$ cat data02.cif   # mmCIF, C-alpha atoms
data_structure
#
loop_
_atom_site.group_PDB
_atom_site.id
_atom_site.type_symbol
_atom_site.label_atom_id
_atom_site.label_comp_id
_atom_site.auth_asym_id
_atom_site.auth_seq_id
_atom_site.Cartn_x
_atom_site.Cartn_y
_atom_site.Cartn_z
ATOM 1 C CA MET A 1 -51.345 17.872 -3.879
ATOM 2 C CA LYS A 2 -54.956 16.743 -3.652
ATOM 3 C CA THR A 3 -54.347 14.000 -6.240
ATOM 4 C CA GLN A 4 -51.231 12.830 -4.400
ATOM 5 C CA HIS A 5 -53.131 12.673 -1.108
ATOM 6 C CA LYS A 6 -55.880 10.673 -2.831
ATOM 7 C CA ASN A 7 -53.305 8.265 -4.242
ATOM 8 C CA LEU A 8 -51.591 7.781 -0.889
ATOM 9 C CA TRP A 9 -54.934 6.916 0.693
ATOM 10 C CA ALA A 10 -55.569 4.435 -2.133
ATOM 11 C CA TYR A 11 -52.137 2.866 -1.569
ATOM 12 C CA LEU A 12 -52.894 2.441 2.123
ATOM 13 C CA GLN A 13 -56.211 0.773 1.300
ATOM 14 C CA LEU A 14 -54.593 -1.595 -1.211
ATOM 15 C CA ALA A 15 -51.718 -2.518 1.110
ATOM 16 C CA SER A 16 -54.080 -3.136 4.036
ATOM 17 C CA ALA A 17 -56.336 -5.322 1.890
ATOM 18 C CA MET A 18 -53.418 -7.462 0.719
ATOM 19 C CA ALA A 19 -52.089 -7.784 4.277
ATOM 20 C CA MET A 20 -55.490 -9.222 5.203
ATOM 21 C CA VAL A 21 -55.397 -11.592 2.224
ATOM 22 C CA GLY A 22 -51.962 -12.732 3.403
ATOM 23 C CA SER A 23 -53.449 -13.595 6.765
ATOM 24 C CA ALA A 24 -55.791 -15.999 4.924
ATOM 25 C CA VAL A 25 -52.829 -18.377 4.491
ATOM 26 C CA VAL A 26 -52.403 -18.705 8.250
ATOM 27 C CA ALA A 27 -56.143 -18.690 8.952
ATOM 28 C CA GLY A 28 -56.651 -21.335 6.263
ATOM 29 C CA LYS A 29 -53.937 -23.532 7.752
ATOM 30 C CA ILE A 30 -55.816 -23.439 11.066
ATOM 31 C CA ILE A 31 -59.285 -23.877 9.511
ATOM 32 C CA ILE A 32 -58.502 -27.072 7.575
ATOM 33 C CA VAL A 33 -57.632 -28.804 10.854
ATOM 34 C CA SER A 34 -61.272 -28.579 11.988
ATOM 35 C CA PHE A 35 -63.381 -28.065 8.839
ATOM 36 C CA PRO A 36 -63.637 -29.608 5.354
ATOM 37 C CA VAL A 37 -62.774 -27.190 2.544
ATOM 38 C CA PHE A 38 -66.182 -26.541 0.952
ATOM 39 C CA LEU A 39 -68.032 -26.267 4.245
ATOM 40 C CA ALA A 40 -65.457 -23.808 5.602
ATOM 41 C CA SER A 41 -65.716 -21.657 2.482
ATOM 42 C CA GLY A 42 -69.504 -21.654 2.562
ATOM 43 C CA LEU A 43 -69.571 -20.653 6.225
ATOM 44 C CA ARG A 44 -67.103 -17.858 5.465
ATOM 45 C CA PHE A 45 -69.575 -16.240 3.074
ATOM 46 C CA VAL A 46 -72.495 -16.725 5.458
ATOM 47 C CA VAL A 47 -70.542 -14.687 8.028
ATOM 48 C CA ALA A 48 -69.565 -12.068 5.436
ATOM 49 C CA LEU A 49 -73.079 -11.610 4.070
ATOM 50 C CA ALA A 50 -74.508 -11.245 7.572
ATOM 51 C CA VAL A 51 -72.581 -7.943 7.602
ATOM 52 C CA LEU A 52 -72.551 -6.926 3.923
ATOM 53 C CA LEU A 53 -76.250 -7.319 3.068
ATOM 54 C CA PRO A 54 -77.619 -5.158 5.934
ATOM 55 C CA TRP A 55 -74.848 -2.632 5.293
ATOM 56 C CA LEU A 56 -75.740 -2.422 1.585
ATOM 57 C CA ILE A 57 -79.461 -2.056 2.324
ATOM 58 C CA LEU A 58 -78.903 0.689 4.896
ATOM 59 C CA ARG A 59 -76.373 2.628 2.840
ATOM 60 C CA GLU A 60 -77.590 2.174 -0.743
ATOM 61 C CA GLY A 61 -81.190 1.041 -0.339
ATOM 62 C CA GLY A 62 -80.630 -2.487 -1.615
ATOM 63 C CA ILE A 63 -78.992 -4.238 -4.554
ATOM 64 C CA PRO A 64 -78.723 -1.851 -7.545
ATOM 65 C CA ARG A 65 -79.643 -2.861 -11.081
ATOM 66 C CA LEU A 66 -76.702 -4.153 -13.091
ATOM 67 C CA SER A 67 -76.314 -4.824 -16.791
ATOM 68 C CA ARG A 68 -75.964 -8.358 -18.103
ATOM 69 C CA ARG A 69 -72.299 -7.628 -18.878
ATOM 70 C CA ASP A 70 -71.635 -6.532 -15.293
ATOM 71 C CA TRP A 71 -73.284 -9.685 -13.929
ATOM 72 C CA LEU A 72 -71.066 -11.794 -16.214
ATOM 73 C CA ILE A 73 -67.960 -9.973 -14.979
ATOM 74 C CA LEU A 74 -69.078 -10.430 -11.361
ATOM 75 C CA PHE A 75 -69.655 -14.131 -11.996
ATOM 76 C CA GLY A 76 -66.177 -14.442 -13.492
ATOM 77 C CA GLN A 77 -64.675 -12.613 -10.540
ATOM 78 C CA SER A 78 -66.480 -14.761 -8.026
ATOM 79 C CA ALA A 79 -65.635 -17.987 -9.859
ATOM 80 C CA ALA A 80 -61.938 -17.101 -10.126
ATOM 81 C CA GLY A 81 -61.256 -15.031 -7.008
ATOM 82 C CA THR A 82 -63.542 -16.617 -4.428
ATOM 83 C CA PHE A 83 -64.597 -20.115 -5.523
ATOM 84 C CA LEU A 84 -61.426 -21.369 -7.204
ATOM 85 C CA PHE A 85 -59.142 -19.243 -5.020
ATOM 86 C CA SER A 86 -60.589 -20.737 -1.826
ATOM 87 C CA ILE A 87 -60.486 -24.308 -3.145
ATOM 88 C CA PHE A 88 -56.922 -24.055 -4.432
ATOM 89 C CA LEU A 89 -55.650 -22.259 -1.326
ATOM 90 C CA LEU A 90 -57.241 -24.507 1.290
ATOM 91 C CA TYR A 91 -56.505 -27.780 -0.528
ATOM 92 C CA GLY A 92 -52.995 -26.558 -1.312
ATOM 93 C CA LEU A 93 -52.343 -25.884 2.377
ATOM 94 C CA LYS A 94 -53.241 -29.519 3.095
ATOM 95 C CA TYR A 95 -50.220 -30.652 1.083
ATOM 96 C CA THR A 96 -47.627 -27.909 1.523
ATOM 97 C CA THR A 97 -46.478 -25.446 4.155
ATOM 98 C CA ALA A 98 -47.229 -21.773 4.674
ATOM 99 C CA ALA A 99 -43.576 -20.955 3.890
ATOM 100 C CA GLU A 100 -43.636 -22.694 0.502
ATOM 101 C CA SER A 101 -47.015 -21.140 -0.209
ATOM 102 C CA GLY A 102 -45.253 -17.807 0.194
ATOM 103 C CA ILE A 103 -42.807 -18.730 -2.549
ATOM 104 C CA ILE A 104 -45.663 -19.270 -4.969
ATOM 105 C CA THR A 105 -47.708 -16.215 -3.957
ATOM 106 C CA SER A 106 -44.663 -14.016 -4.500
ATOM 107 C CA THR A 107 -45.358 -14.305 -8.238
ATOM 108 C CA THR A 108 -48.690 -12.454 -7.819
ATOM 109 C CA PRO A 109 -47.434 -8.936 -8.756
ATOM 110 C CA ALA A 110 -45.981 -10.226 -12.036
ATOM 111 C CA VAL A 111 -49.055 -12.310 -12.857
ATOM 112 C CA VAL A 112 -51.461 -9.421 -12.170
ATOM 113 C CA GLY A 113 -49.332 -6.974 -14.147
ATOM 114 C CA LEU A 114 -49.173 -9.355 -17.099
ATOM 115 C CA VAL A 115 -52.915 -10.108 -17.036
ATOM 116 C CA SER A 116 -53.722 -6.363 -16.824
ATOM 117 C CA PHE A 117 -51.452 -5.697 -19.782
ATOM 118 C CA LEU A 118 -52.958 -8.502 -21.866
ATOM 119 C CA PHE A 119 -56.648 -7.998 -21.097
ATOM 120 C CA LEU A 120 -57.017 -4.341 -20.092
ATOM 121 C CA LYS A 121 -54.317 -3.076 -22.487
ATOM 122 C CA GLU A 122 -52.864 -0.984 -19.655
ATOM 123 C CA LYS A 123 -49.506 0.506 -20.530
ATOM 124 C CA LEU A 124 -46.760 -0.509 -18.138
ATOM 125 C CA SER A 125 -44.492 2.442 -17.376
ATOM 126 C CA ARG A 126 -40.779 2.069 -16.724
ATOM 127 C CA ALA A 127 -41.349 2.736 -13.024
ATOM 128 C CA ASN A 128 -44.166 0.191 -12.926
ATOM 129 C CA ILE A 129 -42.069 -2.511 -14.572
ATOM 130 C CA SER A 130 -39.121 -1.753 -12.276
ATOM 131 C CA ALA A 131 -41.372 -1.894 -9.231
ATOM 132 C CA LEU A 132 -42.899 -5.200 -10.333
ATOM 133 C CA ILE A 133 -39.458 -6.737 -10.824
ATOM 134 C CA LEU A 134 -38.248 -5.373 -7.481
ATOM 135 C CA ALA A 135 -41.314 -6.708 -5.656
ATOM 136 C CA VAL A 136 -41.089 -10.163 -7.232
ATOM 137 C CA LEU A 137 -37.322 -10.562 -6.725
ATOM 138 C CA GLY A 138 -37.442 -9.256 -3.173
ATOM 139 C CA ILE A 139 -40.290 -11.475 -2.053
ATOM 140 C CA MET A 140 -38.918 -14.562 -3.804
ATOM 141 C CA ALA A 141 -35.569 -14.020 -2.054
ATOM 142 C CA LEU A 142 -37.457 -13.653 1.227
ATOM 143 C CA ASN A 143 -39.377 -16.880 0.786
ATOM 144 C CA LEU A 144 -36.723 -19.008 -0.885
ATOM 145 C CA ALA A 145 -34.292 -18.299 1.936
ATOM 146 C CA GLY A 146 -36.999 -19.109 4.466
ATOM 147 C CA THR A 147 -38.137 -22.411 2.971
ATOM 148 C CA GLU A 148 -38.535 -25.137 5.556
ATOM 149 C CA ALA A 149 -36.365 -28.245 5.705
ATOM 150 C CA PRO A 150 -37.317 -31.085 3.314
ATOM 151 C CA GLU A 151 -38.555 -33.312 6.157
ATOM 152 C CA THR A 152 -41.168 -30.713 7.108
ATOM 153 C CA ARG A 153 -42.327 -29.703 3.634
ATOM 154 C CA GLY A 154 -45.718 -31.402 3.827
ATOM 155 C CA PRO A 155 -47.112 -34.686 2.474
ATOM 156 C CA LYS A 156 -47.217 -33.661 -1.234
ATOM 157 C CA PRO A 157 -45.443 -30.298 -1.639
ATOM 158 C CA TRP A 158 -45.404 -30.427 -5.450
ATOM 159 C CA LEU A 159 -49.185 -30.839 -5.559
ATOM 160 C CA GLY A 160 -49.721 -28.265 -2.828
ATOM 161 C CA ASN A 161 -47.515 -25.703 -4.570
ATOM 162 C CA LEU A 162 -49.320 -26.290 -7.873
ATOM 163 C CA LEU A 163 -52.662 -25.664 -6.165
ATOM 164 C CA ILE A 164 -51.331 -22.492 -4.512
ATOM 165 C CA PHE A 165 -50.272 -21.211 -7.936
ATOM 166 C CA GLY A 166 -53.836 -21.893 -9.070
ATOM 167 C CA ALA A 167 -54.930 -19.578 -6.247
ATOM 168 C CA VAL A 168 -52.516 -16.923 -7.563
ATOM 169 C CA LEU A 169 -54.064 -17.158 -11.036
ATOM 170 C CA GLY A 170 -57.521 -16.836 -9.512
ATOM 171 C CA GLU A 171 -56.441 -13.751 -7.546
ATOM 172 C CA ALA A 172 -54.896 -12.200 -10.666
ATOM 173 C CA LEU A 173 -58.138 -12.605 -12.626
ATOM 174 C CA PHE A 174 -60.125 -11.343 -9.630
ATOM 175 C CA ILE A 175 -58.056 -8.142 -9.458
ATOM 176 C CA THR A 176 -58.054 -7.527 -13.215
ATOM 177 C CA LEU A 177 -61.800 -8.043 -13.659
ATOM 178 C CA GLY A 178 -62.406 -5.909 -10.565
ATOM 179 C CA LYS A 179 -60.877 -2.895 -12.292
ATOM 180 C CA VAL A 180 -63.579 -3.066 -14.967
ATOM 181 C CA LEU A 181 -66.394 -2.781 -12.408
ATOM 182 C CA SER A 182 -64.788 -0.465 -9.848
ATOM 183 C CA ALA A 183 -65.408 2.591 -12.039
ATOM 184 C CA ARG A 184 -69.164 1.893 -12.275
ATOM 185 C CA HIS A 185 -70.205 0.444 -8.915
ATOM 186 C CA SER A 186 -69.385 1.090 -5.265
ATOM 187 C CA PRO A 187 -66.915 -1.114 -3.365
ATOM 188 C CA LEU A 188 -69.756 -2.194 -1.058
ATOM 189 C CA THR A 189 -71.976 -3.274 -3.960
ATOM 190 C CA ILE A 190 -69.232 -5.282 -5.646
ATOM 191 C CA SER A 191 -68.103 -6.923 -2.393
ATOM 192 C CA THR A 192 -71.660 -7.916 -1.473
ATOM 193 C CA LEU A 193 -72.563 -9.366 -4.852
ATOM 194 C CA ILE A 194 -69.305 -11.294 -5.184
ATOM 195 C CA SER A 195 -69.833 -12.767 -1.720
ATOM 196 C CA LEU A 196 -73.422 -13.664 -2.620
ATOM 197 C CA LEU A 197 -72.319 -15.410 -5.807
ATOM 198 C CA GLY A 198 -69.542 -17.124 -3.871
ATOM 199 C CA LEU A 199 -72.042 -18.492 -1.358
ATOM 200 C CA LEU A 200 -74.264 -19.793 -4.159
ATOM 201 C CA MET A 201 -71.299 -21.591 -5.732
ATOM 202 C CA PHE A 202 -70.309 -23.233 -2.452
ATOM 203 C CA THR A 203 -73.805 -24.075 -1.175
ATOM 204 C CA GLY A 204 -74.200 -27.478 -2.864
ATOM 205 C CA PRO A 205 -70.804 -28.963 -1.896
ATOM 206 C CA ALA A 206 -70.971 -27.317 1.554
ATOM 207 C CA VAL A 207 -74.364 -28.848 2.334
ATOM 208 C CA TYR A 208 -73.097 -32.256 1.174
ATOM 209 C CA GLU A 209 -70.067 -32.057 3.461
ATOM 210 C CA SER A 210 -72.197 -30.832 6.368
ATOM 211 C CA LEU A 211 -74.339 -34.007 6.267
ATOM 212 C CA SER A 212 -71.432 -36.097 7.535
ATOM 213 C CA PHE A 213 -69.722 -33.420 9.639
ATOM 214 C CA ASN A 214 -69.789 -33.553 13.430
ATOM 215 C CA PHE A 215 -70.690 -30.002 14.472
ATOM 216 C CA SER A 216 -71.124 -31.068 18.112
ATOM 217 C CA GLY A 217 -67.390 -31.792 18.348
ATOM 218 C CA LEU A 218 -66.456 -28.171 17.638
ATOM 219 C CA LYS A 219 -65.343 -25.700 20.283
ATOM 220 C CA LEU A 220 -65.615 -21.901 20.232
ATOM 221 C CA LEU A 221 -61.951 -21.616 19.261
ATOM 222 C CA ASP A 222 -62.644 -23.729 16.153
ATOM 223 C CA TRP A 223 -65.201 -21.169 14.964
ATOM 224 C CA LEU A 224 -62.997 -18.102 15.481
ATOM 225 C CA PRO A 225 -60.882 -18.597 12.297
ATOM 226 C CA ILE A 226 -64.083 -18.960 10.232
ATOM 227 C CA ILE A 227 -65.463 -15.726 11.710
ATOM 228 C CA TYR A 228 -62.118 -14.004 11.099
ATOM 229 C CA TYR A 229 -62.043 -15.249 7.489
ATOM 230 C CA GLY A 230 -65.559 -13.940 6.899
ATOM 231 C CA LEU A 231 -65.237 -10.545 8.576
ATOM 232 C CA VAL A 232 -61.614 -9.589 7.896
ATOM 233 C CA VAL A 233 -60.403 -11.516 4.826
ATOM 234 C CA THR A 234 -63.733 -11.180 3.026
ATOM 235 C CA VAL A 235 -65.618 -8.070 4.200
ATOM 236 C CA ALA A 236 -62.779 -5.730 5.181
ATOM 237 C CA ALA A 237 -60.292 -6.844 2.505
ATOM 238 C CA PHE A 238 -62.862 -6.742 -0.318
ATOM 239 C CA VAL A 239 -64.150 -3.272 0.561
ATOM 240 C CA LEU A 240 -60.669 -1.815 1.054
ATOM 241 C CA TRP A 241 -59.356 -3.360 -2.155
ATOM 242 C CA TYR A 242 -62.161 -2.051 -4.347
ATOM 243 C CA SER A 243 -61.971 1.371 -2.710
ATOM 244 C CA GLY A 244 -58.284 1.615 -3.611
ATOM 245 C CA LEU A 245 -58.644 -0.033 -7.017
ATOM 246 C CA ALA A 246 -61.137 2.610 -8.140
ATOM 247 C CA LYS A 247 -58.416 5.272 -7.796
ATOM 248 C CA VAL A 248 -55.387 3.646 -9.483
ATOM 249 C CA PRO A 249 -54.637 1.510 -12.585
ATOM 250 C CA ALA A 250 -54.726 -2.265 -12.172
ATOM 251 C CA GLY A 251 -51.027 -2.404 -13.090
ATOM 252 C CA THR A 252 -50.214 -0.103 -10.161
ATOM 253 C CA ALA A 253 -52.436 -2.114 -7.835
ATOM 254 C CA ALA A 254 -50.514 -5.216 -8.926
ATOM 255 C CA VAL A 255 -47.445 -4.010 -7.024
ATOM 256 C CA PHE A 256 -49.433 -3.979 -3.786
ATOM 257 C CA THR A 257 -50.196 -7.678 -4.129
ATOM 258 C CA GLY A 258 -46.581 -8.057 -3.007
ATOM 259 C CA VAL A 259 -47.814 -7.314 0.507
ATOM 260 C CA TRP A 260 -49.759 -10.602 0.424
ATOM 261 C CA PRO A 261 -46.774 -13.004 0.712
ATOM 262 C CA VAL A 262 -44.923 -10.687 3.103
ATOM 263 C CA SER A 263 -47.963 -10.701 5.379
ATOM 264 C CA ALA A 264 -48.254 -14.476 5.051
ATOM 265 C CA VAL A 265 -44.619 -15.010 6.038
ATOM 266 C CA LEU A 266 -44.669 -12.582 8.973
ATOM 267 C CA LEU A 267 -47.918 -14.019 10.343
ATOM 268 C CA SER A 268 -46.628 -17.568 9.824
ATOM 269 C CA TYR A 269 -43.686 -16.587 12.009
ATOM 270 C CA ILE A 270 -45.871 -15.001 14.694
ATOM 271 C CA VAL A 271 -48.818 -17.401 14.720
ATOM 272 C CA LEU A 272 -47.357 -20.688 13.457
ATOM 273 C CA GLN A 273 -43.939 -20.163 15.084
ATOM 274 C CA GLU A 274 -41.964 -20.595 11.866
ATOM 275 C CA ALA A 275 -38.357 -19.416 11.789
ATOM 276 C CA PHE A 276 -37.771 -15.709 11.076
ATOM 277 C CA LEU A 277 -34.638 -14.979 9.010
ATOM 278 C CA TRP A 278 -32.705 -11.889 7.923
ATOM 279 C CA SER A 279 -34.058 -12.515 4.419
ATOM 280 C CA HIS A 280 -37.535 -11.643 5.698
ATOM 281 C CA VAL A 281 -36.349 -8.123 6.470
ATOM 282 C CA ILE A 282 -34.729 -7.813 3.030
ATOM 283 C CA GLY A 283 -37.901 -9.008 1.329
ATOM 284 C CA LEU A 284 -40.042 -6.560 3.273
ATOM 285 C CA VAL A 285 -37.710 -3.663 2.407
ATOM 286 C CA CYS A 286 -37.831 -4.615 -1.290
ATOM 287 C CA VAL A 287 -41.637 -4.639 -1.323
ATOM 288 C CA LEU A 288 -41.842 -1.290 0.477
ATOM 289 C CA ALA A 289 -39.281 0.136 -1.968
ATOM 290 C CA ALA A 290 -41.377 -1.090 -4.916
ATOM 291 C CA ILE A 291 -44.504 0.508 -3.463
ATOM 292 C CA GLY A 292 -42.589 3.736 -2.786
ATOM 293 C CA LEU A 293 -41.320 3.778 -6.369
ATOM 294 C CA ILE A 294 -44.883 3.566 -7.700
ATOM 295 C CA ALA A 295 -46.147 6.153 -5.207
ATOM 296 C CA LYS A 296 -43.471 8.614 -6.341
ATOM 297 C CA ALA A 297 -43.750 7.937 -10.053
ATOM 298 C CA GLU A 298 -47.527 8.059 -10.528
ATOM 299 C CA PRO A 299 -48.077 11.751 -9.612
ATOM 300 C CA GLU A 300 -45.140 12.702 -11.887
ATOM 301 C CA GLU A 301 -46.654 10.706 -14.751
ATOM 302 C CA ALA A 302 -50.006 12.366 -14.169
ATOM 303 C CA LYS A 303 -48.341 15.803 -14.606
ATOM 304 C CA GLY A 304 -46.800 14.738 -17.844
#
$ encode --input "data02.cif" --output "structure tokens"
Amino acid sequence: MKTQHKNLWAYLQLASAMAMVGSAVVAGKIIIVSFPVFLASGLRFVVALAVLLPWLILREGGIPRLSRRDWLILFGQSAAGTFLFSIFLLYGLKYTTAAESGIITSTTPAVVGLVSFLFLKEKLSRANISALILAVLGIMALNLAGTEAPETRGPKPWLGNLLIFGAVLGEALFITLGKVLSARHSPLTISTLISLLGLLMFTGPAVYESLSFNFSGLKLLDWLPIIYYGLVVTVAAFVLWYSGLAKVPAGTAAVFTGVWPVSAVLLSYIVLQEAFLWSHVIGLVCVLAAIGLIAKAEPEEAKG
């Protein structure tokens, strides 16, 4: 019973984190109207670290000592899941729509499951495979049925969709590498160091873009999406994800990445006023069914 309760709490953390990541699609669509890509990403980490660094110092006394191997893994995570993810996502949203981005991100559960199997040698159970298939098929049906009309697809949808898939690959590597570190370091430590490395990667290009950027033309409302991206998508999502990931296999966590595109579609409907279809409900039910299948199967597997 105690293990099941622990797992349910982990599932809630993972689902909440991915819902926040899904909101990055809508926030990113708003951000690129006012900010260039590298500058926006750099500012995001400045906001995040303003919270994470003091929190880490107060709670854990500062940055702990890490092995060279752990630093290499953190660098890989930051390069794939923050640097490349942000570039691919924000540039992709310049050329395609939030709805079509959802089509591409719906492949995340399958990509994460495959990467975990290949690199972590995690065994995929029958329930896990079934849940992955259910999540992918359900979300793809949701998004494919909700794709916008050709005349509103964006200036270069093929390029935008390719870049969004690059973001999916970055997220898959981010999640898989994160499983390696989550057993040895706290969620707060990992989140802080990844954000710090992310800021270092973006500093050069961000400073270059800032030299020709008109900050005086910005209004308070233009800054709000940046603050949201830093505090919610970065701080809250990172900490929740690593907290949940420490308690379950990466292959199980992969199913919860299905919440990402569902969140993106629902928030696109609410915030960007995109059409909401019956297929959205079907897709959401499929994802919840996949998560429920994993939640039911894992305690039974643990007994066996």
$ closest_residue --input "data02.cif" --among "A:Pro54, A:Gly217, A:Pro187, A:Gly22" --to "A:Leu240" --atoms "only C-alpha atoms"
A:Pro187
$ resolve_selection --input "data02.cif" --expression "the PyMOL selection byres ((chain A and resi 227-237) around 8)" --output "JSON, numbers by chain"
{"A": [16, 17, 18, 20, 21, 23, 24, 27, 43, 44, 45, 46, 47, 48, 51, 52, 191, 195, 223, 224, 225, 226, 238, 239, 240, 241]}
$ closest_residue --input "data02.cif" --among "A:Ser106, A:Lys123, A:Lys219, A:Ser130" --to "A:Val265" --atoms "all atoms listed in the file"
A:Ser106
$ closest_residue --input "data02.cif" --among "A:Ser268, A:Ser67, A:Gln77, A:Ser216" --to "A:Ile190" --atoms "only C-alpha atoms"
A:Gln77
$ atom_distance --input "data02.cif" --atom1 "atom CA of A:Leu196" --atom2 "atom CA of A:Ala183"
20.4 Å
$ residues_around --input "data02.cif" --residues "A:Ala110" --least-positions-apart "5" --cutoff "10 Å" --atoms "all atoms listed in the file" --output "list of chain:residue names"
A:Val115, A:Ser116, A:Ile129, A:Ala131, A:Leu132, A:Ile133, A:Ala135, A:Val136, A:Ala172, A:Gly251, A:Ala254, A:Val255, A:Thr257, A:Gly258
$ write_last_selection --input "data02.cif" --atoms "C-alpha atoms" --output "compact mmCIF listing (two decimals), in the coordinates of the input"
# COMPACT_ATOMS: atom_id res chain seq x y z
CA VAL A 115 -52.92 -10.11 -17.04
CA SER A 116 -53.72 -6.36 -16.82
CA ILE A 129 -42.07 -2.51 -14.57
CA ALA A 131 -41.37 -1.89 -9.23
CA LEU A 132 -42.90 -5.20 -10.33
CA ILE A 133 -39.46 -6.74 -10.82
CA ALA A 135 -41.31 -6.71 -5.66
CA VAL A 136 -41.09 -10.16 -7.23
CA ALA A 172 -54.90 -12.20 -10.67
CA GLY A 251 -51.03 -2.40 -13.09
CA ALA A 254 -50.51 -5.22 -8.93
CA VAL A 255 -47.44 -4.01 -7.02
CA THR A 257 -50.20 -7.68 -4.13
CA GLY A 258 -46.58 -8.06 -3.01
$ resolve_selection --input "data02.cif" --expression "the PyMOL selection byres ((chain A and resi 164) around 6)" --output "PyMOL selection string"
chain A and resi 88-89+92+161-163+165-167
$ closest_residue --input "data02.cif" --among "A:Thr108, A:Ile32, A:Leu221, A:Tyr242" --to "A:Trp260" --atoms "only C-alpha atoms"
A:Thr108
$ closest_residue --input "data02.cif" --among "A:Leu211, A:Ile194, A:Val180, A:Ala290" --to "A:Thr252" --atoms "all atoms listed in the file"
A:Ala290
$ atom_distance --input "data02.cif" --atom1 "atom CA of A:Pro36" --atom2 "atom CA of A:Val259"
27.8 Å
$ resolve_selection --input "data02.cif" --expression "the PyMOL selection byres ((chain A and resi 267) around 10)" --output "MDAnalysis selection string"
chainID A and resid 19 22:27 98 261:266 268:274
$ closest_residue --input "data02.cif" --among "A:Val207, A:Leu199, A:Leu137, A:Trp158" --to "A:Val285" --atoms "only C-alpha atoms"
A:Leu137
$ atom_distance --input "data02.cif" --atom1 "atom CA of A:Ile282" --atom2 "atom CA of A:Tyr11"
20.9 Å
$ residues_around --input "data02.cif" --residues "A:Pro205" --least-positions-apart "4" --cutoff "8 Å" --atoms "all atoms listed in the file" --output "NGL selection string"
:A and (38-39 or 209)
$ build_atoms --input "data02.cif" --residues "stretch 9-25 of chain A" --atoms "N, CA and C atoms" --output "compact mmCIF listing (two decimals), keeping the file's coordinate frame"
# COMPACT_ATOMS: atom_id res chain seq x y z
N TRP A 9 -53.85 7.59 -0.01
CA TRP A 9 -54.93 6.92 0.69
C TRP A 9 -55.30 5.62 -0.02
N ALA A 10 -55.29 5.64 -1.35
CA ALA A 10 -55.57 4.43 -2.13
C ALA A 10 -54.49 3.38 -1.89
N TYR A 11 -53.23 3.81 -1.82
CA TYR A 11 -52.14 2.87 -1.57
C TYR A 11 -52.28 2.20 -0.20
N LEU A 12 -52.69 2.98 0.79
CA LEU A 12 -52.89 2.44 2.12
C LEU A 12 -54.02 1.41 2.12
N GLN A 13 -55.09 1.71 1.40
CA GLN A 13 -56.21 0.77 1.30
C GLN A 13 -55.78 -0.53 0.62
N LEU A 14 -55.03 -0.41 -0.47
CA LEU A 14 -54.59 -1.60 -1.21
C LEU A 14 -53.63 -2.44 -0.38
N ALA A 15 -52.69 -1.79 0.29
CA ALA A 15 -51.72 -2.52 1.11
C ALA A 15 -52.41 -3.21 2.28
N SER A 16 -53.36 -2.54 2.91
CA SER A 16 -54.08 -3.14 4.04
C SER A 16 -54.89 -4.34 3.58
N ALA A 17 -55.54 -4.22 2.42
CA ALA A 17 -56.34 -5.32 1.89
C ALA A 17 -55.47 -6.55 1.63
N MET A 18 -54.29 -6.34 1.03
CA MET A 18 -53.42 -7.46 0.72
C MET A 18 -52.79 -8.07 1.98
N ALA A 19 -52.57 -7.24 3.00
CA ALA A 19 -52.09 -7.78 4.28
C ALA A 19 -53.13 -8.73 4.87
N MET A 20 -54.41 -8.36 4.71
CA MET A 20 -55.49 -9.22 5.20
C MET A 20 -55.58 -10.50 4.39
N VAL A 21 -55.40 -10.40 3.07
CA VAL A 21 -55.40 -11.59 2.22
C VAL A 21 -54.24 -12.51 2.62
N GLY A 22 -53.09 -11.92 2.95
CA GLY A 22 -51.96 -12.73 3.40
C GLY A 22 -52.28 -13.51 4.66
N SER A 23 -53.07 -12.90 5.52
CA SER A 23 -53.45 -13.60 6.76
C SER A 23 -54.33 -14.80 6.49
N ALA A 24 -54.95 -14.85 5.28
CA ALA A 24 -55.79 -16.00 4.92
C ALA A 24 -54.98 -17.28 4.86
N VAL A 25 -53.68 -17.19 4.55
CA VAL A 25 -52.83 -18.38 4.49
C VAL A 25 -52.73 -19.02 5.87
